[in-house]
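Next comes final.tsv, a file with TSV, C-alpha atoms.
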chain	number	residue	atom	x	y	z
H	87	MET	CA	0.00	0.00	0.00
H	88	SER	CA	1.37	3.39	-0.96
H	89	LYS	CA	1.79	6.36	1.36
H	90	PRO	CA	-1.00	8.39	-0.36
H	91	GLN	CA	-3.40	5.45	0.05
H	92	LEU	CA	-2.46	5.12	3.71
H	93	GLU	CA	-2.92	8.87	4.21
H	94	ARG	CA	-6.41	8.70	2.64
H	95	ALA	CA	-7.32	5.77	4.91
H	96	LEU	CA	-5.95	7.70	7.90
H	97	SER	CA	-8.05	10.74	6.99
H	98	THR	CA	-11.17	8.55	6.67
H	99	TRP	CA	-10.64	7.05	10.14
H	100	GLN	CA	-9.87	10.46	11.66
H	101	ASN	CA	-13.12	11.83	10.20
H	102	LYS	CA	-15.07	8.87	11.60
H	103	LEU	CA	-13.45	9.46	14.99
H	104	ALA	CA	-14.45	13.14	14.96
H	105	ASP	CA	-18.03	12.22	13.99
H	106	TYR	CA	-18.29	9.63	16.77
H	107	GLU	CA	-16.84	12.03	19.35
H	108	HIS	CA	-19.32	14.72	18.30
H	109	GLU	CA	-22.19	12.23	18.46
H	110	LEU	CA	-21.03	11.09	21.92
H	111	ALA	CA	-21.13	14.68	23.18
H	112	ILE	CA	-24.79	15.12	22.19
H	113	THR	CA	-26.09	11.62	22.98
H	114	ALA	CA	-28.15	11.11	26.11
H	115	SER	CA	-28.71	7.35	26.09
H	116	ALA	CA	-26.24	5.28	28.13
H	117	GLU	CA	-26.57	2.42	25.63
H	118	GLN	CA	-25.71	4.71	22.70
H	119	LYS	CA	-22.77	6.19	24.62
H	120	PHE	CA	-21.42	2.70	25.28
H	121	GLU	CA	-21.65	1.81	21.57
H	122	LEU	CA	-20.05	5.10	20.54
H	123	ARG	CA	-17.17	4.61	23.00
H	124	ASN	CA	-16.53	1.19	21.42
H	125	ARG	CA	-16.53	2.76	17.95
H	126	ILE	CA	-14.18	5.51	19.12
H	127	GLU	CA	-11.82	2.91	20.56
H	128	GLU	CA	-11.85	0.99	17.25
H	129	CYS	CA	-11.12	4.21	15.30
H	130	GLU	CA	-8.21	5.01	17.61
H	131	LYS	CA	-6.77	1.50	17.09
H	132	GLN	CA	-7.06	1.81	13.30
H	133	ILE	CA	-5.53	5.30	13.30
H	134	LYS	CA	-2.58	4.04	15.36
H	135	ARG	CA	-2.13	1.03	13.05
H	136	ILE	CA	-2.13	3.20	9.92
H	137	LYS	CA	0.28	5.72	11.47
H	138	VAL	CA	2.70	2.87	12.24
H	139	LYS	CA	2.52	1.74	8.60
H	140	ILE	CA	3.14	5.30	7.37
H	141	GLU	CA	6.13	5.67	9.72
H	142	SER	CA	7.49	2.35	8.49
H	143	LEU	CA	7.17	3.48	4.87
H	144	GLU	CA	8.91	6.76	5.70
H	145	LYS	CA	11.77	4.95	7.48
H	146	ASN	CA	12.19	2.58	4.54
H	147	SER	CA	12.17	5.55	2.18
H	148	GLU	CA	14.84	7.32	4.24
H	149	LEU	CA	16.97	4.17	4.28
H	150	SER	CA	16.71	3.75	0.53
H	151	ILE	CA	17.79	7.36	0.00
H	152	ALA	CA	20.75	6.97	2.40
H	153	GLN	CA	21.97	3.74	0.85
H	154	PRO	CA	23.58	3.57	-2.58
H	155	LYS	CA	21.27	2.21	-5.24
H	156	THR	CA	21.89	-1.43	-6.04
H	157	ARG	CA	20.06	-3.12	-8.81
H	158	GLN	CA	17.38	-5.28	-7.22
H	159	LYS	CA	15.22	-7.75	-9.00
H	160	PRO	CA	11.54	-6.76	-8.83
H	161	GLN	CA	9.48	-8.54	-6.24
H	162	ILE	CA	7.04	-11.06	-7.60
H	163	GLN	CA	3.56	-10.47	-6.20
H	164	ILE	CA	1.73	-13.69	-5.34
H	165	PHE	CA	-1.99	-13.62	-4.65
H	166	LEU	CA	-3.12	-16.20	-2.07
H	167	ALA	CA	-6.73	-17.25	-2.62
H	168	HIS	CA	-8.25	-19.34	0.15
H	169	ALA	CA	-11.32	-20.13	2.18
H	170	SER	CA	-11.48	-18.26	5.48
H	171	GLU	CA	-11.50	-21.59	7.34
H	172	ASP	CA	-7.99	-22.25	5.99
H	173	LYS	CA	-6.57	-18.90	7.15
H	174	PRO	CA	-4.06	-20.35	9.70
H	175	GLN	CA	-2.34	-22.50	7.05
H	176	VAL	CA	-2.41	-19.69	4.49
H	177	LEU	CA	-0.86	-17.25	7.00
H	178	LYS	CA	2.06	-19.68	7.42
H	179	LEU	CA	2.44	-19.85	3.62
H	180	TYR	CA	2.34	-16.03	3.49
H	181	GLU	CA	5.19	-15.77	6.02
H	182	ARG	CA	7.30	-18.40	4.21
H	183	LEU	CA	6.89	-16.64	0.85
H	184	LYS	CA	7.72	-13.27	2.39
H	185	ALA	CA	10.85	-14.71	4.03
H	186	LYS	CA	11.97	-15.98	0.59
H	187	GLY	CA	11.76	-12.45	-0.85
H	188	TYR	CA	8.40	-12.69	-2.58
H	189	LYS	CA	5.57	-10.22	-2.15
H	190	PRO	CA	2.58	-12.34	-1.11
H	191	TRP	CA	-0.84	-10.68	-1.16
H	192	LEU	CA	-3.34	-11.74	1.50
H	193	ASP	CA	-6.51	-9.89	2.44
H	194	GLU	CA	-5.80	-9.94	6.16
H	195	LYS	CA	-2.29	-8.51	5.67
H	196	ASN	CA	-2.78	-6.14	2.74
H	197	LEU	CA	-6.25	-4.65	3.11
H	198	ILE	CA	-6.58	-1.61	5.31
H	199	PRO	CA	-9.82	-1.11	7.25
H	200	GLY	CA	-12.12	1.14	5.28
H	201	GLN	CA	-10.85	0.00	1.88
H	202	ASN	CA	-13.39	-1.35	-0.58
H	203	TRP	CA	-12.30	-4.99	-0.65
H	204	ARG	CA	-14.60	-5.72	-3.63
H	205	GLU	CA	-12.37	-3.40	-5.69
H	206	GLU	CA	-9.00	-4.09	-4.05
H	207	ILE	CA	-9.06	-7.88	-4.33
H	208	PRO	CA	-9.69	-7.96	-8.12
H	209	ASN	CA	-7.00	-5.27	-8.55
H	210	ALA	CA	-4.55	-7.35	-6.53
H	211	ILE	CA	-5.33	-10.41	-8.67
H	212	LYS	CA	-4.70	-8.38	-11.85
H	213	GLN	CA	-1.42	-6.98	-10.49
H	214	SER	CA	-0.11	-10.34	-9.26
H	215	GLN	CA	2.36	-12.29	-11.37
H	216	ILE	CA	1.35	-15.53	-9.66
H	217	PHE	CA	-1.97	-16.74	-8.26
H	218	ILE	CA	-1.90	-19.58	-5.72
H	219	ALA	CA	-5.27	-21.23	-5.29
H	220	CYS	CA	-5.15	-22.80	-1.81
H	221	LEU	CA	-7.44	-25.78	-2.25
H	222	SER	CA	-9.20	-27.71	0.48
H	223	GLN	CA	-12.64	-29.20	1.04
H	224	ASN	CA	-13.53	-25.75	2.38
H	225	SER	CA	-12.50	-23.79	-0.71
H	226	VAL	CA	-13.71	-26.18	-3.43
H	227	SER	CA	-17.13	-26.82	-1.90
H	228	LYS	CA	-17.78	-23.25	-0.85
H	229	GLN	CA	-19.93	-20.76	-2.67
H	230	GLY	CA	-18.76	-17.24	-2.13
H	231	TYR	CA	-15.98	-14.83	-2.85
H	232	VAL	CA	-13.22	-17.46	-3.02
H	233	THR	CA	-15.01	-18.90	-6.08
H	234	ILE	CA	-15.05	-15.43	-7.66
H	235	GLU	CA	-11.31	-15.10	-6.98
H	236	PHE	CA	-10.68	-18.48	-8.65
H	237	ARG	CA	-12.72	-17.43	-11.71
H	238	LEU	CA	-10.89	-14.08	-11.98
H	239	ALA	CA	-7.59	-15.96	-11.92
H	240	LEU	CA	-8.77	-18.44	-14.55
H	241	ASN	CA	-9.79	-15.52	-16.81
H	242	LYS	CA	-6.38	-13.89	-16.41
H	243	TYR	CA	-4.66	-17.23	-16.98
H	244	ALA	CA	-6.61	-17.71	-20.22
H	245	GLU	CA	-5.03	-14.47	-21.51
H	246	THR	CA	-1.43	-15.49	-20.74
H	247	PRO	CA	0.90	-16.95	-23.38
H	248	PRO	CA	1.21	-20.76	-23.42
H	249	GLY	CA	3.81	-22.03	-20.98
H	250	THR	CA	3.41	-19.07	-18.61
H	251	ILE	CA	3.37	-20.04	-14.95
H	252	TYR	CA	0.61	-18.00	-13.35
H	253	LEU	CA	-2.00	-20.23	-11.75
H	254	ILE	CA	-0.70	-22.66	-9.14
H	255	PRO	CA	-3.26	-24.93	-7.48
H	256	LEU	CA	-1.97	-25.88	-4.02
H	257	LYS	CA	-3.81	-28.62	-2.16
H	258	LEU	CA	-3.88	-27.89	1.55
H	259	HIS	CA	-5.90	-31.06	2.09
H	260	ASP	CA	-7.01	-33.92	-0.09
H	261	CYS	CA	-9.88	-32.60	-2.21
H	262	GLU	CA	-11.31	-32.61	-5.72
H	263	ALA	CA	-10.03	-29.60	-7.69
H	264	GLY	CA	-12.67	-29.77	-10.43
H	265	LEU	CA	-12.67	-26.06	-11.23
H	266	PHE	CA	-9.06	-26.26	-12.43
H	267	HIS	CA	-9.04	-29.55	-14.39
H	268	SER	CA	-10.30	-28.05	-17.66
H	269	HIS	CA	-7.51	-25.44	-17.62
H	270	GLU	CA	-4.56	-27.71	-16.83
H	271	SER	CA	-3.68	-28.60	-20.44
H	272	LYS	CA	-3.14	-25.02	-21.65
Structure encoded using structure tokens:
Amino acid sequence: MSKPQLERALSTWQNKLADYEHELAITASAEQKFELRNRIEECEKQIKRIKVKIESLEKNSELSIAQPKTRQKPQIQIFLAHASEDKPQVLKLYERLKAKGYKPWLDEKNLIPGQNWREEIPNAIKQSQIFIACLSQNSVSKQGYVTIEFRLALNKYAETPPGTIYLIPLKLHDCEAGLFHSHESK
């Protein structure tokens, strides 16, 4: 996520915080005040989290300016599609890929609260050089957004030149990967 995107997200959360604080000041109901205090606390957490990310970006930027430029190979972005029930295994995969120098993309790690995930996820799939479909009984039998992610990847894969490695089905558990069989012989 870029610094301007983080700054926009920060501004959104700061505006929400100001609205909730104003609403708290004029609310009479104890139940409403309790709910508003919870919302204010959540806003403060998100603001702190975003500020830490901005500071980290700024530090990395300062380091890159201070250090002589060395030619680095571009990071390969890898989209990790999965069922939410498989999140613990996919988080481990995310960490392993990151440790190897790749740029894995995972909703929980890359989406910032307040972002429109229905726009960001398809964009991330389009920008990724590799798509790993984490397959399990959960993901192949599930109806929902993971199926949409798989279809978006299959559409992108259909547009790639023959022999291109883009779509990698990864079985987390023994399961039937029917959605991908018709595309394996490309």
For this session: Using all atoms listed in the file, pick whichever of H:Gln161, H:Asn196, H:Asn124, H:Asn202 has the shortest atom-to-atom distance to Lys139 in chain H.
Result: H:Asn196
Using only C-alpha atoms, find each residue in range 95-164 of chain H having at least one atom no more than 8 Å away from range 169-193 of chain H; report its shortest atom-to-atom pair and that distance in Å (one decimal), rows by chain then rising number, as CSV.
residue,atom,partner,partner_atom,distance
H:Gln161,CA,H:Tyr188,CA,5.6
H:Ile162,CA,H:Tyr188,CA,5.5
H:Gln163,CA,H:Lys189,CA,4.5
H:Ile164,CA,H:Pro190,CA,4.5
Exercise. What lies within 12 Å of Arg135 in chain H using all atoms listed in the file, ignoring chain neighbours under 3 positions off, as a PyMOL selection string?
Worked result: chain H and resi 92-93+95-96+99+128-132+138-142+198-199
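With all atoms listed in the file as the atoms that count, the residue of H:Asn241, H:Ile207, H:Pro248, H:Lys89 with the shortest distance to Glu144 in chain H is H:Lys89.
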For this session: Find the spatial neighbours of Tyr243 in chain H, counting all atoms listed in the file, within a cut-off of 10 Å - ignore same-chain residues fewer than 2 positions away - and output them as a list of chain:residue names.
Result: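 Close residues of Tyr243 in chain H: H:Ile216, H:Phe217, H:Arg237, H:Leu238, H:Ala239, H:Leu240, H:Asn241, H:Glu245, H:Thr246, H:Pro247, H:Pro248, H:Thr250, H:Ile251, H:Tyr252, H:Leu253, H:His269, H:Lys272.
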Problem set entry | Nearest candidate to Lys228 in chain H (options H:Lys145, H:Ser97, H:His168, H:Ser88; using all atoms listed in the file) |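 So, comparing all the options, the nearest one is H:His168.
Of the residues under consideration (H:Gln201, H:Ser227, H:Ile254, H:Ile112), H:Ile254 shows the shortest atom-to-atom contact distance to Gln215 in chain H when counting only C-alpha atoms.
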Exercise. Please, what distance in Å, to one decimal, runs between CA of Glu117 in chain H and CA of Leu103 in chain H?
Worked result: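 The value is 18.3 Å.
Between CA of Asn224 in chain H and CA of His259 in chain H the separation is 9.3 Å.
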Seminar exercise, completed: The distance between CA of Ser222 in chain H and CA of Glu262 in chain H is 8.2 Å
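Of the listed residues H:Val226, H:Lys212, H:Ala167, H:Glu127, the one whose atoms come nearest to Glu107 in chain H is H:Glu127, with distances taken using only C-alpha atoms.
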